[in-house]
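K.L.:
Got a structure for you, questions after.
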Amino acid sequence: MTEASYAPGAERWLRTLPGTELTVSAVALGGGPLGSMPELFGREVPAEEGVATVLAAFDSPIRFVDTANGYSDGESERRIGAAIGLWEGLPEGVVVATKVDPRGADYSGQRVRQSVVESRARLGLDELPLVHLHDPEGHDFATMTAPGGAVDTLVELRDSGVVGRIGLAGGRVQEIARYLELGVFDVLLVHNRWTLLDRSAGPLVAEAHRRGMGVLNAAVYGGGILAAQRGGPTTYGYRPAPPEVLEAAARMREACAAHGTDIATAALQFSLRDERIASTIVGMSRPGHVTATVEAAARALPDALWDELEGLLPPSRTWLDAE
């Protein structure tokens with residue numbers, strides 16, 4: 001057994017986020033399910049439960065919170081803001097990052113400015129230390145990168161001090177790579193694509209690390225398929241998982257059980273043990289999830305498990321974004 005060096009209190013639990021002056025924890029509270037998105041996460045989350053989850057995170061070793069303007073039409077940010085108000089201010093050392101989002105089809109420069117205004121109001125924060133361009137891959141690249149467009153405006157907001165640092169947060173790697181090549185972002189956030197089951201983001205992570213950017217990894221459970229030791233969804237990354245992926249997940253569950261653990265713990269620690277990943281963002285919607293996640297991060301796992309899990313990968317390691 002190897003003691004987890006990313007356990008709370010360990011030397012690597014708190015670390016500087018490269019590309020910024022921010023200090024973040026190895027695990028971040030992800031605000032996706034927090035605002036209630038039952039169509040993606042399987043259940044309604046009452047407002048009081050969402051706020052209580054944020055308060056539980058504030059009272060835990062987690063010092064990093066990730067959200068977005070568009071999560072539940074701003075409800076995630078509202079609940080985080082409510083928790084900050086109940087705490088009578090942001091707890092010392094806690095960093096809140098958010099993302100700009102389009103309004104319908106509008107992902108213009110003006111929309112980016114308005115998104116920042118909305119986020120500041122909902123969160124009750126005068127300063128936004130890290131703001132990502134969120135999921136730009138569904139929009140026209142030339143329009144998004146034109147003078148005065150979304151990217152240009154976000155850069156201007158950083159350079160003028162309206163926001164702190166700026167990040168690139170997205171999914172489909174072929175499109176995100178085009179934005180990364182612009183060389184204007186401080187941080188890269190990938191989701192669903194650097195996990196036990198899919199390695200599509202490998203080149204992106206390597207390139208961002210080479211550039212000295214901070215790297216954040218989200219959705220390490222693939223939308224839930226890697227969160228349950230038994231049963232669970234048959235989708236991955238919000239789409240039906242191919243039979244070979246379902247089979248790989250089943251065999252990974254068996255391997256984890258044989259080594260005295262569960263697939264959710266292994267899925268979390270797969271990301272945590274990658275030293276290029278500054279923080280692993282885990283969606284949480286119940287106060288109990290906070291405690292369980294921190295405990296899973298600290299759990300000792302046998303070294304032999306990792307080689308076994310690597311051998312159980314689906315035939316294509318990058319199947320999610322295969323052309």
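Letters A, B, ... mark the chains of the structure tokens in the order given; residue numbers begin at 1 per chain; ligand numbers begin at 1, in order shown.
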Pick out the residues sitting within 8 Å of segment 144-149 of chain A, and hand them over as number ranges by chain; count only C-alpha atoms, and ignore anything fewer than 3 positions along from it in its own chain.
P.N.:
A: 107-109, 136, 139-141, 152-153
K.L.:
Just want the 10 Å neighbourhood of Gly161 of chain A, counted on only C-alpha atoms, with same-chain residues fewer than 4 positions away dropped. Output as a PyMOL selection string.
P.N.:
chain A and resi 127-129+155-157+165
K.L.:
Write down as a PyMOL selection string the residues belonging to segment 199-316 of chain A that are assigned helix (DSSP H, G or I) by DSSP computed on the backbone.
P.N.:
chain A and resi 202-210+243-258+263-272+287-298+303-310
K.L.:
Using DSSP on the backbone coordinates, identify all residues within segment 22-257 of chain A classified as strand (DSSP E); present the result as number ranges by chain.
P.N.:
A: 23-25, 27-30, 64-66, 95-100, 130-134, 165-170, 187-191, 214-218, 235-236, 239-240
K.L.:
Counting only C-alpha atoms, which residue out of A:Ala264, A:Leu29, A:Ile281, A:Leu168 sits closest to Arg299 of chain A?
P.N.:
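Of all the options, A:Ala264 lies closest to Arg299 of chain A.
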K.L.:
Using atom CA of Met252 of chain A and atom CA of Leu312 of chain A as the two end points, give the distance in Å to one decimal.
P.N.:
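Going from atom CA of Met252 of chain A over to atom CA of Leu312 of chain A, I get 6.6 Å.
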